[in-house]
Amino acid sequence: MELEVRHLRALCAIADAGSVRAAARRLSMTQPSLTTQLRRIENALGGRLFVRERTGSRPTPLGRTVLSRARPIVAEMAALITEAREAVLRTDEARLRVGSTGGTGSSTVVGWLRRLHARYPGVDTTVHFEVSANLLLRMVAAGQLDAAFVHEVAGCPLHLPAGLEQRVLVEREPQFVAVPASHPAAHRAQIELADVAQDSWMVDPTADGEWDGLRRVFAAAGLNPKVVLGDYNTAGVLAAAGEVVMPCQPTSAGRPGLVVRPLAGDPLTVRLLLVSRPSPVPGTDLDEVFAALRDAYAEIARGCDAYHRWLLRHGSPLLAGEPEAEAPAG
């Protein structure tokens with residue numbers, strides 16, 4: 001078998017995702033198909049490239065050597081494709097391409113797009129969603145996106161490519177917990193970690209930093225709950241059915257059978273960022289793009305009672321001028 005760019009892309013995806021399963025999801029492949037492809041690549045090169053461990057897949061010395069040569073090739077090919085597509089699509093009409101992690105406030109992104117369309121009616125503005133924040137950052141660096149709205153889990157920094165700019169939307173956003181409406185703690189204004197320590201938690205391993213951040217919080221609290229890996233759409237269905245609990249954004253809306261509550265002490269937090277290339281799209285201004293995102297986020301936050309009160313108690317600049325809220329009853 002002759003190696004192709006798609007094979008090198010698969011190797012990079014496995015290394016970046018940390019497991020074949022997570023990489024298969026990023027590549028829109030089945031796990032067995034990617035496993036078979038990996039074995040064929042290893043047979044072609046004459047040695048193992050990854051060692052499978054309990055926590056995922058780790059590159060072997062040969063794997064690290066191959067990856068060091070594969071990454072520049074994959075990056076160059078991505079840049080070539082991007083430049084070619086831009087050359088084909090280039091017209092007099094300006095195009096603004098923004099991205100967002102799927103869990104980073106889809107409702108916020110809707111408001112953001114509405115504001116961008118109103119502010120720049122002559123600019124073709126589109127949005128691209130990915131689970132992986134680091135993948136979005138690489139897309140910005142490669143010129144496939146102009147800006148990306150992402151979240152960075154506390155203690156798990158994102159890999160910011162050189163040359164990109166970042167603007168901090170929220171320095172510290174608490175992560176809430178979604179529990180079944182039938183859960184014994186569901187009636188409380190806030191939930192202690194100990195209240196959900198016996199539940200199964202579901203977390204998406206392809207969401208950069210979320211599994212590591214959750215594991216760090218549990219270890220610090222001396223807890224060891226069962227963790228189930230899966231995508232958050234599935235998690236929402238299972239949580240509403242009473243099977244799991246899941247971390248979620250404070251702006252997340254409940255659904256039938258599911259309630260969203262703050263975690264006492266805010267043990268899980270993220271930082272919200274807008275990352276962009278330094279040069280704006282012609283006819284746009286990056287500060288205005290960021291202001292539109294900030295206004296959309298503040299609008300959604302004001303509509304979420306528990307999070308609105310949290311922002312007021314912590315003196316968030318997003319809500320400057322509003323009176324401080326009283327702490328809720330326990």
# chains A, B, ... in the order shown; residues from 1 in each chain; ligands from 1
>>> residues_around(residues="range 154-170 of chain A", least_positions_apart="2", cutoff="9 Å", atoms="only C-alpha atoms", output="ChimeraX atom specification")
/A:133-134,137-138,140-141,151-152,172-173,208-210,212-213,216,268-278,290,293-294,297,316,318
>>> select_by_dssp(residues="range 23-73 of chain A", states="alpha helix (DSSP H)", output="PyMOL selection string")
chain A and resi 23-26+31-45+61-73
>>> write_last_selection(atoms="C-alpha atoms", output="mmCIF file, in the first residue's frame")
data_model
loop_
_atom_site.group_PDB
_atom_site.id
_atom_site.type_symbol
_atom_site.label_atom_id
_atom_site.label_comp_id
_atom_site.auth_asym_id
_atom_site.auth_seq_id
_atom_site.Cartn_x
_atom_site.Cartn_y
_atom_site.Cartn_z
ATOM 1 C CA ALA A 23 -10.251 10.163 16.010
ATOM 2 C CA ALA A 24 -12.837 8.137 14.081
ATOM 3 C CA ARG A 25 -15.555 10.525 15.230
ATOM 4 C CA ARG A 26 -13.496 13.539 14.099
ATOM 5 C CA GLN A 31 -13.903 2.899 14.691
ATOM 6 C CA PRO A 32 -13.400 -0.504 12.980
ATOM 7 C CA SER A 33 -12.671 1.218 9.664
ATOM 8 C CA LEU A 34 -10.045 3.479 11.204
ATOM 9 C CA THR A 35 -8.515 0.561 13.127
ATOM 10 C CA THR A 36 -8.206 -1.399 9.878
ATOM 11 C CA GLN A 37 -6.655 1.583 8.130
ATOM 12 C CA LEU A 38 -4.139 2.023 10.960
ATOM 13 C CA ARG A 39 -3.089 -1.618 10.725
ATOM 14 C CA ARG A 40 -2.570 -1.284 6.939
ATOM 15 C CA ILE A 41 -0.454 1.836 7.457
ATOM 16 C CA GLU A 42 1.636 0.061 10.098
ATOM 17 C CA ASN A 43 2.099 -2.929 7.792
ATOM 18 C CA ALA A 44 3.231 -0.606 4.999
ATOM 19 C CA LEU A 45 5.777 1.094 7.283
ATOM 20 C CA PRO A 61 9.060 6.069 18.954
ATOM 21 C CA LEU A 62 8.434 5.152 15.309
ATOM 22 C CA GLY A 63 5.043 6.831 15.537
ATOM 23 C CA ARG A 64 6.568 10.063 16.813
ATOM 24 C CA THR A 65 9.070 10.053 13.959
ATOM 25 C CA VAL A 66 6.348 9.535 11.358
ATOM 26 C CA LEU A 67 4.118 12.181 12.943
ATOM 27 C CA SER A 68 6.924 14.750 12.914
ATOM 28 C CA ARG A 69 7.097 14.411 9.123
ATOM 29 C CA ALA A 70 3.366 13.914 8.556
ATOM 30 C CA ARG A 71 2.103 17.051 10.322
ATOM 31 C CA PRO A 72 3.811 19.580 7.986
ATOM 32 C CA ILE A 73 2.547 17.649 4.959
#
>>> residues_around(residues="range 105-120 of chain A", least_positions_apart="2", cutoff="7 Å", atoms="only C-alpha atoms", output="MDAnalysis selection string")
chainID A and resid 102:103 122:123 125 251 289 292:293 296:297 300
>>> closest_atom_pairs(of="range 185-245 of chain A", to="range 263-267 of chain A", cutoff="12 Å", atoms="only C-alpha atoms", output="Markdown table")
| residue | atom | partner | partner_atom | distance |
| --- | --- | --- | --- | --- |
| A:Ala185 | CA | A:Leu263 | CA | 11.1 |
| A:Ala186 | CA | A:Leu263 | CA | 11.6 |
| A:Arg188 | CA | A:Leu263 | CA | 10.5 |
| A:Ala189 | CA | A:Leu263 | CA | 9.3 |
| A:Gln190 | CA | A:Leu263 | CA | 5.6 |
| A:Ile191 | CA | A:Leu263 | CA | 4.9 |
| A:Glu192 | CA | A:Ala264 | CA | 5.2 |
| A:Leu193 | CA | A:Leu263 | CA | 6.8 |
| A:Ala194 | CA | A:Ala264 | CA | 10.0 |
| A:Asp195 | CA | A:Leu263 | CA | 9.9 |
| A:Val196 | CA | A:Leu263 | CA | 10.0 |
| A:Gly213 | CA | A:Pro267 | CA | 9.6 |
| A:Leu214 | CA | A:Pro267 | CA | 9.0 |
| A:Arg215 | CA | A:Pro267 | CA | 11.3 |
| A:Arg216 | CA | A:Pro267 | CA | 9.7 |
| A:Val217 | CA | A:Pro267 | CA | 6.4 |
| A:Phe218 | CA | A:Pro267 | CA | 9.2 |
| A:Ala219 | CA | A:Pro267 | CA | 11.4 |
| A:Ala220 | CA | A:Pro267 | CA | 9.5 |
| A:Ala221 | CA | A:Pro267 | CA | 9.3 |
>>> write_last_selection(atoms="all heavy atoms", output="compact mmCIF listing (two decimals), in the first residue's frame")
# COMPACT_ATOMS: atom_id res chain seq x y z
N ALA A 185 -31.64 15.38 44.15
CA ALA A 185 -31.13 16.73 44.35
C ALA A 185 -31.68 17.74 43.35
O ALA A 185 -31.32 18.91 43.39
CB ALA A 185 -29.60 16.73 44.29
N ALA A 186 -32.58 17.31 42.47
CA ALA A 186 -33.05 18.18 41.39
C ALA A 186 -33.83 19.38 41.90
O ALA A 186 -33.91 20.41 41.22
CB ALA A 186 -33.92 17.38 40.42
N ARG A 188 -33.09 21.24 44.44
CA ARG A 188 -32.24 22.22 45.12
C ARG A 188 -31.80 23.33 44.17
O ARG A 188 -31.69 23.13 42.96
CB ARG A 188 -31.01 21.53 45.70
CG ARG A 188 -31.36 20.45 46.73
CD ARG A 188 -30.13 19.77 47.24
NE ARG A 188 -30.47 18.66 48.14
CZ ARG A 188 -29.61 17.79 48.62
NH1 ARG A 188 -28.32 17.90 48.30
NH2 ARG A 188 -30.01 16.83 49.42
N ALA A 189 -31.53 24.51 44.77
CA ALA A 189 -31.07 25.64 43.96
C ALA A 189 -29.68 25.38 43.41
O ALA A 189 -29.31 25.88 42.34
CB ALA A 189 -31.08 26.92 44.79
N GLN A 190 -28.84 24.66 44.14
CA GLN A 190 -27.53 24.26 43.66
C GLN A 190 -27.22 22.86 44.18
O GLN A 190 -27.76 22.43 45.20
CB GLN A 190 -26.44 25.25 44.06
CG GLN A 190 -26.27 25.44 45.55
CD GLN A 190 -25.18 26.47 45.85
OE1 GLN A 190 -24.69 27.15 44.96
NE2 GLN A 190 -24.80 26.57 47.11
N ILE A 191 -26.34 22.17 43.49
CA ILE A 191 -26.06 20.77 43.79
C ILE A 191 -24.61 20.61 44.21
O ILE A 191 -23.70 21.17 43.57
CB ILE A 191 -26.37 19.89 42.56
CG1 ILE A 191 -27.87 19.92 42.25
CG2 ILE A 191 -25.90 18.46 42.77
CD1 ILE A 191 -28.26 19.12 41.03
N GLU A 192 -24.39 19.85 45.27
CA GLU A 192 -23.03 19.52 45.70
C GLU A 192 -22.50 18.36 44.86
O GLU A 192 -23.27 17.50 44.41
CB GLU A 192 -23.04 19.11 47.18
CG GLU A 192 -23.57 20.14 48.15
CD GLU A 192 -22.55 21.21 48.47
OE1 GLU A 192 -21.36 21.00 48.16
OE2 GLU A 192 -22.95 22.24 49.03
N LEU A 193 -21.18 18.35 44.65
CA LEU A 193 -20.59 17.22 43.91
C LEU A 193 -20.94 15.90 44.57
O LEU A 193 -21.18 14.89 43.89
CB LEU A 193 -19.07 17.38 43.83
CG LEU A 193 -18.49 18.15 42.64
CD1 LEU A 193 -16.98 18.16 42.72
CD2 LEU A 193 -18.94 17.56 41.31
N ALA A 194 -20.95 15.89 45.91
CA ALA A 194 -21.25 14.65 46.63
C ALA A 194 -22.65 14.14 46.31
O ALA A 194 -22.91 12.93 46.38
CB ALA A 194 -21.09 14.87 48.13
N ASP A 195 -23.57 15.06 45.94
CA ASP A 195 -24.94 14.65 45.63
C ASP A 195 -25.02 13.83 44.35
O ASP A 195 -26.01 13.11 44.13
CB ASP A 195 -25.84 15.89 45.49
CG ASP A 195 -25.98 16.66 46.78
OD1 ASP A 195 -25.88 16.04 47.86
OD2 ASP A 195 -26.19 17.90 46.71
N VAL A 196 -24.03 13.98 43.49
CA VAL A 196 -24.06 13.27 42.20
C VAL A 196 -22.85 12.34 42.05
O VAL A 196 -22.54 11.89 40.95
CB VAL A 196 -24.10 14.29 41.03
CG1 VAL A 196 -25.49 14.90 40.90
CG2 VAL A 196 -23.07 15.39 41.20
N GLY A 213 -10.54 17.78 32.63
CA GLY A 213 -10.99 18.74 33.64
C GLY A 213 -11.93 18.11 34.64
O GLY A 213 -11.83 18.35 35.85
N LEU A 214 -12.86 17.29 34.16
CA LEU A 214 -13.81 16.62 35.05
C LEU A 214 -13.08 15.64 35.96
O LEU A 214 -13.35 15.57 37.17
CB LEU A 214 -14.85 15.89 34.20
CG LEU A 214 -16.07 15.34 34.93
CD1 LEU A 214 -16.89 16.48 35.52
CD2 LEU A 214 -16.94 14.53 33.98
N ARG A 215 -12.13 14.90 35.40
CA ARG A 215 -11.39 13.93 36.21
C ARG A 215 -10.57 14.64 37.29
O ARG A 215 -10.48 14.16 38.42
CB ARG A 215 -10.46 13.14 35.27
CG ARG A 215 -9.65 12.05 35.96
CD ARG A 215 -8.96 11.18 34.92
NE ARG A 215 -8.24 11.97 33.93
CZ ARG A 215 -7.67 11.44 32.87
NH1 ARG A 215 -7.77 10.15 32.62
NH2 ARG A 215 -7.01 12.21 32.02
N ARG A 216 -10.01 15.80 36.97
CA ARG A 216 -9.22 16.56 37.95
C ARG A 216 -10.11 17.04 39.10
O ARG A 216 -9.71 16.98 40.27
CB ARG A 216 -8.56 17.75 37.26
CG ARG A 216 -7.68 18.58 38.18
CD ARG A 216 -7.02 19.74 37.43
NE ARG A 216 -6.07 19.27 36.44
CZ ARG A 216 -6.25 19.33 35.14
NH1 ARG A 216 -7.37 19.84 34.65
NH2 ARG A 216 -5.34 18.89 34.30
N VAL A 217 -11.32 17.50 38.77
CA VAL A 217 -12.23 17.97 39.82
C VAL A 217 -12.65 16.83 40.73
O VAL A 217 -12.69 16.98 41.96
CB VAL A 217 -13.47 18.62 39.15
CG1 VAL A 217 -14.59 18.82 40.17
CG2 VAL A 217 -13.09 19.96 38.53
N PHE A 218 -12.95 15.68 40.16
CA PHE A 218 -13.34 14.52 40.98
C PHE A 218 -12.20 14.09 41.89
O PHE A 218 -12.39 13.80 43.08
CB PHE A 218 -13.73 13.35 40.08
CG PHE A 218 -15.06 13.52 39.41
CD1 PHE A 218 -15.27 13.00 38.14
CD2 PHE A 218 -16.10 14.18 40.03
CE1 PHE A 218 -16.49 13.14 37.51
CE2 PHE A 218 -17.32 14.33 39.41
CZ PHE A 218 -17.52 13.81 38.14
N ALA A 219 -10.98 14.06 41.34
CA ALA A 219 -9.83 13.64 42.15
C ALA A 219 -9.59 14.60 43.30
O ALA A 219 -9.31 14.18 44.43
CB ALA A 219 -8.57 13.55 41.26
N ALA A 220 -9.73 15.90 43.06
CA ALA A 220 -9.53 16.89 44.12
C ALA A 220 -10.56 16.75 45.22
O ALA A 220 -10.28 17.05 46.39
CB ALA A 220 -9.58 18.30 43.53
N ALA A 221 -11.77 16.29 44.88
CA ALA A 221 -12.84 16.12 45.86
C ALA A 221 -12.81 14.74 46.49
O ALA A 221 -13.66 14.45 47.36
CB ALA A 221 -14.19 16.37 45.20
>>> residues_around(residues="Gly18 in chain A", least_positions_apart="4", cutoff="7 Å", atoms="only C-alpha atoms", output="list in words")
Ile14, Gly56, Ser57 and Arg58 of chain A
>>> residues_around(residues="Arg95 in chain A", least_positions_apart="3", cutoff="12 Å", atoms="only C-alpha atoms", output="list in words")
Glu86, Leu89, Arg90, Thr91, Asp92, Val98, Leu116, His117, Tyr120, Pro121, Gly122, Val123, Asp124, Thr125, Thr126, Val127, Gln144, Leu145, Asp146, Ala147, Pro280, Val281, Pro282, Gly283 and Thr284 of chain A
>>> write_last_selection(atoms="C-alpha atoms", output="short mmCIF file (atom, residue, chain, number, x, y, z; two decimals), in the first residue's frame")
data_model
loop_
_atom_site.label_atom_id
_atom_site.label_comp_id
_atom_site.auth_asym_id
_atom_site.auth_seq_id
_atom_site.Cartn_x
_atom_site.Cartn_y
_atom_site.Cartn_z
CA GLU A 86 -10.73 30.74 -2.06
CA LEU A 89 -14.94 31.39 -4.85
CA ARG A 90 -13.31 34.81 -4.76
CA THR A 91 -15.74 37.48 -5.89
CA ASP A 92 -16.34 41.12 -5.10
CA VAL A 98 -16.88 32.04 11.86
CA LEU A 116 -23.38 40.17 12.25
CA HIS A 117 -25.90 39.99 9.43
CA TYR A 120 -22.62 43.73 7.76
CA PRO A 121 -25.52 43.23 5.32
CA GLY A 122 -23.12 43.16 2.38
CA VAL A 123 -20.93 40.41 3.86
CA ASP A 124 -21.69 36.72 3.31
CA THR A 125 -21.40 35.41 6.90
CA THR A 126 -21.40 31.66 7.58
CA VAL A 127 -20.84 29.48 10.67
CA GLN A 144 -10.40 28.05 6.57
CA LEU A 145 -12.12 30.26 9.17
CA ASP A 146 -11.75 33.94 10.03
CA ALA A 147 -12.67 33.64 13.71
CA PRO A 280 -10.06 41.37 9.40
CA VAL A 281 -12.18 40.45 6.42
CA PRO A 282 -12.50 43.53 4.15
CA GLY A 283 -15.51 45.56 5.22
CA THR A 284 -15.51 44.19 8.78
#
>>> decode(residues="range 138-149 of chain A", atoms="all heavy atoms", output="compact mmCIF listing (two decimals), in the first residue's frame")
# COMPACT_ATOMS: atom_id res chain seq x y z
N ARG A 138 -7.01 25.41 14.56
CA ARG A 138 -6.16 25.05 13.41
C ARG A 138 -6.82 25.51 12.10
O ARG A 138 -6.12 25.91 11.16
CB ARG A 138 -5.91 23.55 13.38
CG ARG A 138 -5.03 23.05 14.53
CD ARG A 138 -4.51 21.65 14.26
NE ARG A 138 -5.57 20.66 14.22
CZ ARG A 138 -6.02 20.00 15.27
NH1 ARG A 138 -5.53 20.24 16.47
NH2 ARG A 138 -6.98 19.09 15.14
N MET A 139 -8.14 25.47 12.05
CA MET A 139 -8.84 25.94 10.85
C MET A 139 -8.67 27.44 10.67
O MET A 139 -8.53 27.94 9.55
CB MET A 139 -10.32 25.56 10.93
CG MET A 139 -10.58 24.06 10.84
SD MET A 139 -12.34 23.63 10.99
CE MET A 139 -12.95 24.26 9.41
N VAL A 140 -8.68 28.19 11.78
CA VAL A 140 -8.44 29.63 11.69
C VAL A 140 -7.01 29.88 11.20
O VAL A 140 -6.78 30.71 10.32
CB VAL A 140 -8.67 30.32 13.05
CG1 VAL A 140 -8.30 31.81 12.98
CG2 VAL A 140 -10.13 30.17 13.49
N ALA A 141 -6.06 29.15 11.78
CA ALA A 141 -4.66 29.33 11.39
C ALA A 141 -4.43 28.98 9.92
O ALA A 141 -3.60 29.60 9.25
CB ALA A 141 -3.76 28.48 12.29
N ALA A 142 -5.19 27.99 9.40
CA ALA A 142 -5.02 27.56 8.01
C ALA A 142 -5.80 28.43 7.03
O ALA A 142 -5.74 28.20 5.82
CB ALA A 142 -5.46 26.11 7.87
N GLY A 143 -6.56 29.42 7.54
CA GLY A 143 -7.32 30.28 6.66
C GLY A 143 -8.67 29.73 6.27
O GLY A 143 -9.37 30.31 5.44
N GLN A 144 -9.09 28.62 6.88
CA GLN A 144 -10.40 28.05 6.57
C GLN A 144 -11.52 28.78 7.31
O GLN A 144 -12.68 28.69 6.91
CB GLN A 144 -10.41 26.56 6.92
CG GLN A 144 -9.45 25.73 6.09
CD GLN A 144 -9.28 24.34 6.64
OE1 GLN A 144 -8.75 24.13 7.73
NE2 GLN A 144 -9.74 23.36 5.90
N LEU A 145 -11.18 29.44 8.42
CA LEU A 145 -12.12 30.26 9.17
C LEU A 145 -11.45 31.60 9.46
O LEU A 145 -10.22 31.70 9.53
CB LEU A 145 -12.52 29.59 10.49
CG LEU A 145 -13.33 28.30 10.43
CD1 LEU A 145 -13.48 27.70 11.82
CD2 LEU A 145 -14.70 28.54 9.79
N ASP A 146 -12.28 32.63 9.68
CA ASP A 146 -11.75 33.94 10.03
C ASP A 146 -11.71 34.16 11.53
O ASP A 146 -10.87 34.91 12.04
CB ASP A 146 -12.59 35.03 9.37
CG ASP A 146 -12.60 34.89 7.85
OD1 ASP A 146 -11.51 34.93 7.26
OD2 ASP A 146 -13.68 34.71 7.28
N ALA A 147 -12.62 33.51 12.26
CA ALA A 147 -12.67 33.64 13.71
C ALA A 147 -13.40 32.44 14.28
O ALA A 147 -14.22 31.81 13.59
CB ALA A 147 -13.37 34.93 14.13
N ALA A 148 -13.11 32.11 15.54
CA ALA A 148 -13.76 30.98 16.19
C ALA A 148 -14.08 31.32 17.63
O ALA A 148 -13.24 31.86 18.36
CB ALA A 148 -12.88 29.73 16.12
N PHE A 149 -15.29 30.98 18.05
CA PHE A 149 -15.77 31.15 19.42
C PHE A 149 -15.59 29.81 20.12
O PHE A 149 -16.24 28.83 19.76
CB PHE A 149 -17.23 31.59 19.40
CG PHE A 149 -17.90 31.66 20.74
CD1 PHE A 149 -17.21 32.10 21.87
CD2 PHE A 149 -19.24 31.32 20.88
CE1 PHE A 149 -17.84 32.17 23.11
CE2 PHE A 149 -19.88 31.39 22.10
CZ PHE A 149 -19.17 31.81 23.22
